[in-house]
Every structure is written in C-alpha cells, then in structure tokens.
$ cat structure.json   # JSON, C-alpha atoms
[["chain", "number", "residue", "atom", "x", "y", "z"],
["A", 1, "MET", "CA", 210.58, 6.25, -9.30],
["A", 2, "GLN", "CA", 208.91, 7.32, -12.53],
["A", 3, "PRO", "CA", 206.61, 10.27, -11.85],
["A", 4, "ASP", "CA", 203.07, 10.00, -13.16],
["A", 5, "THR", "CA", 202.27, 11.58, -16.52],
["A", 6, "LEU", "CA", 200.46, 14.64, -15.14],
["A", 7, "SER", "CA", 203.29, 15.47, -12.73],
["A", 8, "HIS", "CA", 205.72, 15.11, -15.62],
["A", 9, "THR", "CA", 203.62, 17.43, -17.79],
["A", 10, "PHE", "CA", 203.13, 20.12, -15.14],
["A", 11, "ALA", "CA", 206.83, 20.04, -14.18],
["A", 12, "ALA", "CA", 207.77, 20.53, -17.83],
["A", 13, "LEU", "CA", 205.34, 23.47, -18.12],
["A", 14, "ALA", "CA", 206.77, 25.14, -15.00],
["A", 15, "ASP", "CA", 209.35, 27.12, -16.96],
["A", 16, "PRO", "CA", 208.81, 30.21, -19.14],
["A", 17, "THR", "CA", 211.42, 29.19, -21.75],
["A", 18, "ARG", "CA", 209.80, 25.78, -22.21],
["A", 19, "ARG", "CA", 206.36, 27.37, -22.49],
["A", 20, "ALA", "CA", 207.74, 29.82, -25.08],
["A", 21, "ILE", "CA", 209.17, 26.88, -27.06],
["A", 22, "LEU", "CA", 205.75, 25.17, -27.05],
["A", 23, "SER", "CA", 204.15, 28.42, -28.12],
["A", 24, "ARG", "CA", 206.59, 28.70, -31.05],
["A", 25, "LEU", "CA", 205.77, 25.10, -32.05],
["A", 26, "LEU", "CA", 202.09, 25.99, -32.38],
["A", 27, "ALA", "CA", 203.16, 27.65, -35.67],
["A", 28, "GLY", "CA", 204.62, 24.35, -36.92],
["A", 29, "PRO", "CA", 207.69, 22.11, -36.53],
["A", 30, "ALA", "CA", 211.08, 23.78, -36.07],
["A", 31, "SER", "CA", 214.76, 22.88, -35.82],
["A", 32, "VAL", "CA", 216.70, 23.26, -32.58],
["A", 33, "GLY", "CA", 218.45, 26.32, -34.05],
["A", 34, "GLU", "CA", 215.14, 27.96, -34.95],
["A", 35, "LEU", "CA", 213.78, 27.25, -31.49],
["A", 36, "ALA", "CA", 216.92, 28.63, -29.83],
["A", 37, "ALA", "CA", 217.02, 31.86, -31.91],
["A", 38, "PRO", "CA", 214.69, 34.05, -29.77],
["A", 39, "PHE", "CA", 216.43, 33.13, -26.51],
["A", 40, "ASP", "CA", 219.50, 34.65, -24.98],
["A", 41, "ILE", "CA", 220.65, 31.25, -23.72],
["A", 42, "SER", "CA", 223.17, 28.71, -25.03],
["A", 43, "LEU", "CA", 222.24, 25.98, -27.49],
["A", 44, "PRO", "CA", 223.03, 23.28, -24.88],
["A", 45, "ALA", "CA", 220.64, 25.02, -22.47],
["A", 46, "VAL", "CA", 217.92, 25.00, -25.14],
["A", 47, "SER", "CA", 218.69, 21.32, -25.78],
["A", 48, "ARG", "CA", 218.19, 20.57, -22.09],
["A", 49, "HIS", "CA", 214.80, 22.28, -22.19],
["A", 50, "LEU", "CA", 213.90, 20.27, -25.31],
["A", 51, "ARG", "CA", 214.87, 17.07, -23.56],
["A", 52, "VAL", "CA", 212.56, 17.90, -20.63],
["A", 53, "LEU", "CA", 209.72, 18.62, -23.07],
["A", 54, "SER", "CA", 210.48, 15.47, -25.02],
["A", 55, "ASP", "CA", 210.65, 13.30, -21.86],
["A", 56, "ALA", "CA", 207.24, 14.68, -20.86],
["A", 57, "GLY", "CA", 205.87, 13.75, -24.29],
["A", 58, "LEU", "CA", 205.08, 17.40, -25.04],
["A", 59, "ILE", "CA", 207.20, 17.46, -28.17],
["A", 60, "ALA", "CA", 208.18, 14.85, -30.73],
["A", 61, "ARG", "CA", 211.60, 14.91, -32.40],
["A", 62, "GLN", "CA", 211.97, 13.68, -35.94],
["A", 63, "LYS", "CA", 215.30, 13.09, -37.67],
["A", 64, "ASP", "CA", 214.97, 14.65, -41.08],
["A", 65, "ALA", "CA", 218.21, 14.26, -43.13],
["A", 66, "GLN", "CA", 220.85, 15.91, -40.87],
["A", 67, "TRP", "CA", 218.22, 18.05, -39.11],
["A", 68, "ARG", "CA", 216.37, 17.24, -35.98],
["A", 69, "ARG", "CA", 212.98, 18.83, -36.16],
["A", 70, "CYS", "CA", 210.72, 19.23, -33.16],
["A", 71, "SER", "CA", 206.96, 19.32, -33.25],
["A", 72, "LEU", "CA", 204.24, 19.73, -30.69],
["A", 73, "ALA", "CA", 202.59, 16.59, -29.26],
["A", 74, "ALA", "CA", 199.04, 17.06, -28.09],
["A", 75, "GLN", "CA", 198.14, 14.27, -25.68],
["A", 76, "PRO", "CA", 199.82, 15.45, -22.43],
["A", 77, "LEU", "CA", 198.45, 19.00, -22.84],
["A", 78, "ARG", "CA", 195.01, 17.55, -23.37],
["A", 79, "GLU", "CA", 195.29, 15.48, -20.19],
["A", 80, "ALA", "CA", 196.48, 18.54, -18.25],
["A", 81, "ALA", "CA", 193.54, 20.56, -19.61],
["A", 82, "ASP", "CA", 191.13, 17.75, -18.64],
["A", 83, "TRP", "CA", 192.53, 17.78, -15.10],
["A", 84, "ILE", "CA", 192.20, 21.56, -14.73],
["A", 85, "GLU", "CA", 188.69, 21.54, -16.23],
["A", 86, "HIS", "CA", 187.42, 19.75, -13.11],
["A", 87, "TYR", "CA", 188.05, 23.01, -11.25],
["A", 88, "ARG", "CA", 186.18, 25.24, -13.71],
["A", 89, "PRO", "CA", 182.86, 25.10, -11.80],
["A", 90, "PHE", "CA", 184.78, 26.19, -8.71],
["A", 91, "TRP", "CA", 186.42, 29.24, -10.24],
["A", 92, "GLU", "CA", 183.29, 30.22, -12.15],
["A", 93, "GLN", "CA", 181.34, 30.00, -8.89],
["A", 94, "SER", "CA", 184.10, 32.05, -7.18],
["A", 95, "PHE", "CA", 183.83, 34.78, -9.77],
["A", 96, "ASP", "CA", 180.05, 34.74, -9.50],
["A", 97, "ARG", "CA", 180.44, 35.20, -5.74],
["A", 98, "LEU", "CA", 182.94, 38.00, -6.35],
["A", 99, "ASP", "CA", 180.48, 39.68, -8.74],
["A", 100, "ALA", "CA", 177.70, 39.39, -6.17],
["A", 101, "HIS", "CA", 180.02, 40.74, -3.48],
["A", 102, "LEU", "CA", 181.04, 43.71, -5.67],
["A", 103, "ALA", "CA", 177.42, 44.38, -6.58],
["A", 104, "ARG", "CA", 176.52, 44.42, -2.87],
["A", 105, "ARG", "CA", 179.48, 46.72, -2.13],
["A", 106, "THR", "CA", 178.51, 49.03, -4.97],
["A", 107, "GLY", "CA", 174.98, 49.16, -3.59],
["A", 108, "ARG", "CA", 176.31, 49.92, -0.11],
["A", 109, "VAL", "CA", 178.71, 52.62, -1.43],
["A", 110, "ALA", "CA", 175.80, 54.25, -3.25],
["A", 111, "LYS", "CA", 173.96, 54.56, 0.06],
["A", 112, "HIS", "CA", 176.92, 56.30, 1.71],
["A", 113, "LYS", "CA", 178.18, 58.35, -1.22],
["A", 114, "PRO", "CA", 175.25, 59.38, -3.31],
["A", 115, "SER", "CA", 175.93, 60.45, -6.87],
["A", 116, "PRO", "CA", 176.69, 64.21, -7.33],
["A", 117, "PRO", "CA", 173.25, 65.78, -7.72],
["A", 118, "PRO", "CA", 171.84, 64.54, -4.42],
["A", 119, "LYS", "CA", 175.13, 65.45, -2.69],
["A", 120, "ARG", "CA", 174.92, 69.01, -3.97],
["A", 121, "ARG", "CA", 171.40, 69.12, -2.73],
["A", 122, "ARG", "CA", 172.67, 67.88, 0.65],
["A", 123, "GLN", "CA", 175.41, 70.54, 0.77],
["A", 124, "ALA", "CA", 172.93, 73.29, 0.01],
["A", 125, "PRO", "CA", 169.81, 72.14, 1.76],
["A", 126, "LYS", "CA", 166.57, 73.21, 0.31],
["A", 127, "PRO", "CA", 165.02, 75.96, 2.43],
["A", 128, "LYS", "CA", 161.81, 74.92, 3.94],
["A", 129, "GLU", "CA", 158.96, 76.40, 2.12],
["A", 130, "ASP", "CA", 155.84, 76.36, 4.18],
["A", 131, "THR", "CA", 153.19, 77.28, 1.76],
["B", 1, "MET", "CA", 214.59, 35.42, -8.75],
["B", 2, "GLN", "CA", 210.85, 35.20, -8.21],
["B", 3, "PRO", "CA", 209.37, 32.78, -10.74],
["B", 4, "ASP", "CA", 206.42, 34.02, -12.77],
["B", 5, "THR", "CA", 202.92, 33.07, -11.61],
["B", 6, "LEU", "CA", 202.31, 30.38, -14.22],
["B", 7, "SER", "CA", 205.62, 28.64, -13.46],
["B", 8, "HIS", "CA", 204.74, 28.77, -9.80],
["B", 9, "THR", "CA", 201.30, 27.26, -10.47],
["B", 10, "PHE", "CA", 202.54, 24.46, -12.73],
["B", 11, "ALA", "CA", 205.38, 23.59, -10.33],
["B", 12, "ALA", "CA", 202.86, 23.32, -7.48],
["B", 13, "LEU", "CA", 200.62, 21.08, -9.61],
["B", 14, "ALA", "CA", 203.52, 18.77, -10.51],
["B", 15, "ASP", "CA", 202.92, 16.50, -7.52],
["B", 16, "PRO", "CA", 200.18, 13.88, -7.04],
["B", 17, "THR", "CA", 199.76, 14.58, -3.30],
["B", 18, "ARG", "CA", 199.28, 18.30, -3.92],
["B", 19, "ARG", "CA", 196.78, 17.59, -6.69],
["B", 20, "ALA", "CA", 194.93, 15.20, -4.36],
["B", 21, "ILE", "CA", 194.80, 17.94, -1.70],
["B", 22, "LEU", "CA", 193.31, 20.39, -4.23],
["B", 23, "SER", "CA", 190.84, 17.74, -5.29],
["B", 24, "ARG", "CA", 189.76, 17.23, -1.62],
["B", 25, "LEU", "CA", 189.33, 21.01, -1.25],
["B", 26, "LEU", "CA", 186.82, 21.03, -4.10],
["B", 27, "ALA", "CA", 184.41, 19.56, -1.52],
["B", 28, "GLY", "CA", 184.97, 22.56, 0.78],
["B", 29, "PRO", "CA", 187.49, 23.99, 3.27],
["B", 30, "ALA", "CA", 189.35, 21.53, 5.52],
["B", 31, "SER", "CA", 191.79, 21.52, 8.42],
["B", 32, "VAL", "CA", 195.38, 20.33, 8.00],
["B", 33, "GLY", "CA", 194.48, 17.13, 9.89],
["B", 34, "GLU", "CA", 191.53, 16.42, 7.60],
["B", 35, "LEU", "CA", 193.72, 17.04, 4.55],
["B", 36, "ALA", "CA", 196.47, 14.77, 5.91],
["B", 37, "ALA", "CA", 194.13, 11.88, 6.82],
["B", 38, "PRO", "CA", 194.04, 10.06, 3.45],
["B", 39, "PHE", "CA", 197.83, 10.15, 3.01],
["B", 40, "ASP", "CA", 200.41, 7.81, 4.39],
["B", 41, "ILE", "CA", 202.83, 10.67, 5.01],
["B", 42, "SER", "CA", 203.75, 12.69, 8.08],
["B", 43, "LEU", "CA", 201.89, 15.83, 9.13],
["B", 44, "PRO", "CA", 205.04, 17.96, 8.54],
["B", 45, "ALA", "CA", 205.24, 16.55, 4.99],
["B", 46, "VAL", "CA", 201.60, 17.52, 4.40],
["B", 47, "SER", "CA", 202.37, 20.97, 5.84],
["B", 48, "ARG", "CA", 205.21, 21.38, 3.36],
["B", 49, "HIS", "CA", 202.86, 20.52, 0.49],
["B", 50, "LEU", "CA", 200.33, 23.03, 1.86],
["B", 51, "ARG", "CA", 203.00, 25.69, 1.99],
["B", 52, "VAL", "CA", 203.87, 25.08, -1.69],
["B", 53, "LEU", "CA", 200.18, 25.33, -2.62],
["B", 54, "SER", "CA", 199.78, 28.43, -0.47],
["B", 55, "ASP", "CA", 202.90, 30.11, -1.94],
["B", 56, "ALA", "CA", 201.49, 29.45, -5.42],
["B", 57, "GLY", "CA", 198.20, 31.06, -4.38],
["B", 58, "LEU", "CA", 196.32, 27.81, -5.01],
["B", 59, "ILE", "CA", 194.97, 27.63, -1.48],
["B", 60, "ALA", "CA", 194.07, 30.21, 1.14],
["B", 61, "ARG", "CA", 194.60, 29.57, 4.85],
["B", 62, "GLN", "CA", 192.25, 31.04, 7.40],
["B", 63, "LYS", "CA", 192.84, 31.01, 11.13],
["B", 64, "ASP", "CA", 189.57, 29.98, 12.69],
["B", 65, "ALA", "CA", 189.82, 29.85, 16.53],
["B", 66, "GLN", "CA", 192.66, 27.37, 17.12],
["B", 67, "TRP", "CA", 192.14, 25.69, 13.71],
["B", 68, "ARG", "CA", 193.82, 26.58, 10.48],
["B", 69, "ARG", "CA", 191.45, 25.86, 7.67],
["B", 70, "CYS", "CA", 192.53, 25.68, 4.06],
["B", 71, "SER", "CA", 190.35, 26.48, 1.10],
["B", 72, "LEU", "CA", 190.80, 26.41, -2.64],
["B", 73, "ALA", "CA", 191.74, 29.65, -4.41],
["B", 74, "ALA", "CA", 190.59, 29.88, -7.99],
["B", 75, "GLN", "CA", 192.66, 32.50, -9.82],
["B", 76, "PRO", "CA", 195.93, 30.58, -10.52],
["B", 77, "LEU", "CA", 194.04, 27.53, -11.81],
["B", 78, "ARG", "CA", 192.03, 29.79, -14.06],
["B", 79, "GLU", "CA", 195.20, 31.34, -15.49],
["B", 80, "ALA", "CA", 196.72, 27.88, -16.04],
["B", 81, "ALA", "CA", 193.54, 26.78, -17.82],
["B", 82, "ASP", "CA", 193.62, 29.93, -19.99],
["B", 83, "TRP", "CA", 197.22, 29.15, -20.96],
["B", 84, "ILE", "CA", 196.47, 25.53, -21.88],
["B", 85, "GLU", "CA", 193.33, 26.53, -23.80],
["B", 86, "HIS", "CA", 195.53, 28.17, -26.46],
["B", 87, "TYR", "CA", 196.61, 24.66, -27.44],
["B", 88, "ARG", "CA", 193.11, 23.23, -27.72],
["B", 89, "PRO", "CA", 192.81, 23.91, -31.48],
["B", 90, "PHE", "CA", 196.09, 22.04, -31.90],
["B", 91, "TRP", "CA", 195.09, 18.90, -30.04],
["B", 92, "GLU", "CA", 191.60, 18.89, -31.51],
["B", 93, "GLN", "CA", 193.16, 19.14, -34.97],
["B", 94, "SER", "CA", 195.60, 16.35, -34.00],
["B", 95, "PHE", "CA", 192.77, 14.08, -32.97],
["B", 96, "ASP", "CA", 190.87, 14.90, -36.15],
["B", 97, "ARG", "CA", 193.99, 13.92, -38.08],
["B", 98, "LEU", "CA", 194.28, 10.75, -36.01],
["B", 99, "ASP", "CA", 190.62, 9.94, -36.69],
["B", 100, "ALA", "CA", 191.15, 10.53, -40.41],
["B", 101, "HIS", "CA", 194.26, 8.35, -40.31],
["B", 102, "LEU", "CA", 192.43, 5.56, -38.48],
["B", 103, "ALA", "CA", 189.50, 5.84, -40.88],
["B", 104, "ARG", "CA", 191.91, 5.50, -43.81],
["B", 105, "ARG", "CA", 193.59, 2.53, -42.12],
["B", 106, "THR", "CA", 190.23, 0.97, -41.34],
["B", 107, "GLY", "CA", 189.27, 1.41, -44.98],
["B", 108, "ARG", "CA", 192.50, -0.22, -46.08],
["B", 109, "VAL", "CA", 192.09, -3.14, -43.66],
["B", 110, "ALA", "CA", 188.50, -3.56, -44.83],
["B", 111, "LYS", "CA", 189.76, -4.32, -48.35],
["B", 112, "HIS", "CA", 191.80, -7.23, -47.02],
["B", 113, "LYS", "CA", 189.45, -8.49, -44.30],
["B", 114, "PRO", "CA", 185.91, -7.77, -45.32],
["B", 115, "SER", "CA", 183.76, -7.49, -42.21],
["B", 116, "PRO", "CA", 181.94, -4.35, -43.40],
["B", 117, "PRO", "CA", 178.89, -3.81, -41.19],
["B", 118, "PRO", "CA", 180.50, -2.97, -37.81],
["B", 119, "LYS", "CA", 183.39, -1.04, -39.36],
["B", 120, "ARG", "CA", 181.19, 1.03, -41.62],
["B", 121, "ARG", "CA", 179.05, 1.91, -38.67],
["B", 122, "ARG", "CA", 182.17, 3.10, -36.79],
["B", 123, "GLN", "CA", 183.28, 5.25, -39.72],
["B", 124, "ALA", "CA", 179.91, 6.94, -39.99],
["B", 125, "PRO", "CA", 178.48, 7.01, -36.48],
["B", 126, "LYS", "CA", 174.78, 7.48, -35.95],
["B", 127, "PRO", "CA", 174.07, 11.12, -35.11],
["B", 128, "LYS", "CA", 173.09, 11.61, -31.50],
["B", 129, "GLU", "CA", 169.56, 12.67, -30.75],
["B", 130, "ASP", "CA", 169.46, 16.34, -29.93],
["B", 131, "THR", "CA", 166.53, 16.12, -27.58]]
$ encode --input "structure.json" --output "structure tokens"
Amino acid sequence: MQPDTLSHTFAALADPTRRAILSRLLAGPASVGELAAPFDISLPAVSRHLRVLSDAGLIARQKDAQWRRCSLAAQPLREAADWIEHYRPFWEQSFDRLDAHLARRTGRVAKHKPSPPPKRRRQAPKPKEDT
Amino acid sequence: MQPDTLSHTFAALADPTRRAILSRLLAGPASVGELAAPFDISLPAVSRHLRVLSDAGLIARQKDAQWRRCSLAAQPLREAADWIEHYRPFWEQSFDRLDAHLARRTGRVAKHKPSPPPKRRRQAPKPKEDT
C-alpha cells in the first residue's frame, strides 16, 4: 500500500543524516559526492538516503552531463509545515499557561522567601520602640 | 542507540492514525476508548499508537481514577515546526519562481490565443482591501 504523502514526508525527515542533507541543499544543488563528503558513511549509504528523500519528493535529481545533481523540492515540506501549523495555537496557549503558572509560582515564592532586605530585617527584628 | 528528539517526533508523525489521534486531542484530553472509537482497528493497536506518541513526548497520559486520559503535549511539535520553518524562505522563493514562470507562460500563450481580459486580471490581481 502506498503511504500518504505526509506519512512519506515525515518518515523521510525522521533521520538526522537525511535532515542534514536537506540542510546542505538549502545552499543550492549538489552532487552525490558533495552531499556525502561531510558524513562518515559509505557512498551507497548516502545513496540510500537520497533515494528515500527522492521517493518522498523532498529532493529532485537532475542528470547533468555525467553528474547527478540533487536539489531541494519545496512542496512536501510546505505541506508538512501546513499540517504542523494547525497545532500552533495549542502550543502557544500551552506556553502562555506555562508563563502564567511560572508567574504565579514566582509570586508565591516571593511570599515565602522575601528578597534579602526584608529577610535581614526578619533575622534582626526591630526592637520595639514605645515612644 | 536513542534517536534524537526530532527523529523521534517525525517518526511518530509518519502515520495517519497517529496524526488523527493528535488531531482529536486538539479538542481536549480523551480516554483510550474515546480515541479508539473513530478507527476500525483493535484497542491494542490503538494502544501501540498511543505508546509511540507517548514515547515521542507528543502526548501525556494521566491516570484519573480508573481512567487513563491522554492529552496533547506541545513541545515536540513546536521543535518540529521550528525545524521546518528554516525551509520556508526556500519554498516561498520556489512558489515565487513558479508564479513568475506561469506568468511568463501565460504571457507567451496570450500571444498565440488572445483572450486578454481574464488573463491580464490574473497576472495583476486586484489588491485586497486592507480594512
């Protein structure tokens, strides 16, 4: 069964080497050799990663004389971003809640642990002066 | 070897049932039974999906009397969105290039098949009202 496009995209992104290859391609098209250079893995292993990226539509491969050059393809990343964007209100709300929670905690801590001057005053209580 | 967080997140998102579960959780926390209801798969299969989502930190599971309720957790999705956002300039540029290419093509076609009014309007769309 052919997986849906988004599953294909996310599966292809679920590997640090493949993400590093995409990151390199942001700078422009590159040959397989250029893409393999930073990695301590075999050329066939890099080729397998490129095939996964290519099958997911994340890269395009052009035959240019005897070279095969790879370039970034935008559409699947855009679809993945669109999918994740639906959750933005949720995580923004979560961080707002976290901020509110921390603010409340900070307020509570201030009640228990007053800042130094009052504490010093508490340690050395003011003698009562009955004038 | 423990995969990095992003790989973990993307691998968990690479399944339509798991994405549908996350989408359901946008509406609020739910029990395993509630999450399983829309799917034509067994409860153990749903539980396996929930474990993948939980291992990736995409959901949190609270024990609430005899119920286990699941809720959405924001941080991994936020990190995935941050990663994808780096590529936004690329795909926006790509679509600008595509627009320019289509505009050129439209211009070329217009020379052969003159039906100017609708096409010209598409090339120079009316600015939207800002109010």
$ interface_residues --input "structure.json" --of "chain B" --to "chain A" --cutoff "10 Å" --atoms "only C-alpha atoms" --output "number ranges by chain"
B: 3-16, 19, 22-23, 26-27, 72-78, 80-95
$ atom_distance --input "structure.json" --atom1 "atom CA of B:Arg61" --atom2 "atom CA of A:Arg105"
23.9 Å
$ atom_distance --input "structure.json" --atom1 "atom CA of A:Ala65" --atom2 "atom CA of A:Val46"
21.0 Å
$ closest_residue --input "structure.json" --among "A:Arg18, A:Lys63, A:Arg69, A:His49" --to "A:Gly33" --atoms "all atoms listed in the file"
A:Arg69
$ atom_distance --input "structure.json" --atom1 "atom CA of B:Ala20" --atom2 "atom CA of B:Leu50"
11.4 Å
$ residues_around --input "structure.json" --residues "A:Val32" --least-positions-apart "3" --cutoff "12 Å" --atoms "all atoms listed in the file" --output "MDAnalysis selection string"
chainID A and resid 21 24:25 29 35:39 42:51 59 61:63 66:71
$ axis_aligned_box --input "structure.json" --around "stretch 75-82 of chain B" --padding-each-side "6 Å" --output "AutoDock Vina command-line options"
--center_x 194.4 --center_y 29.6 --center_z -14.9 --size_x 16.7 --size_y 17.7 --size_z 22.2
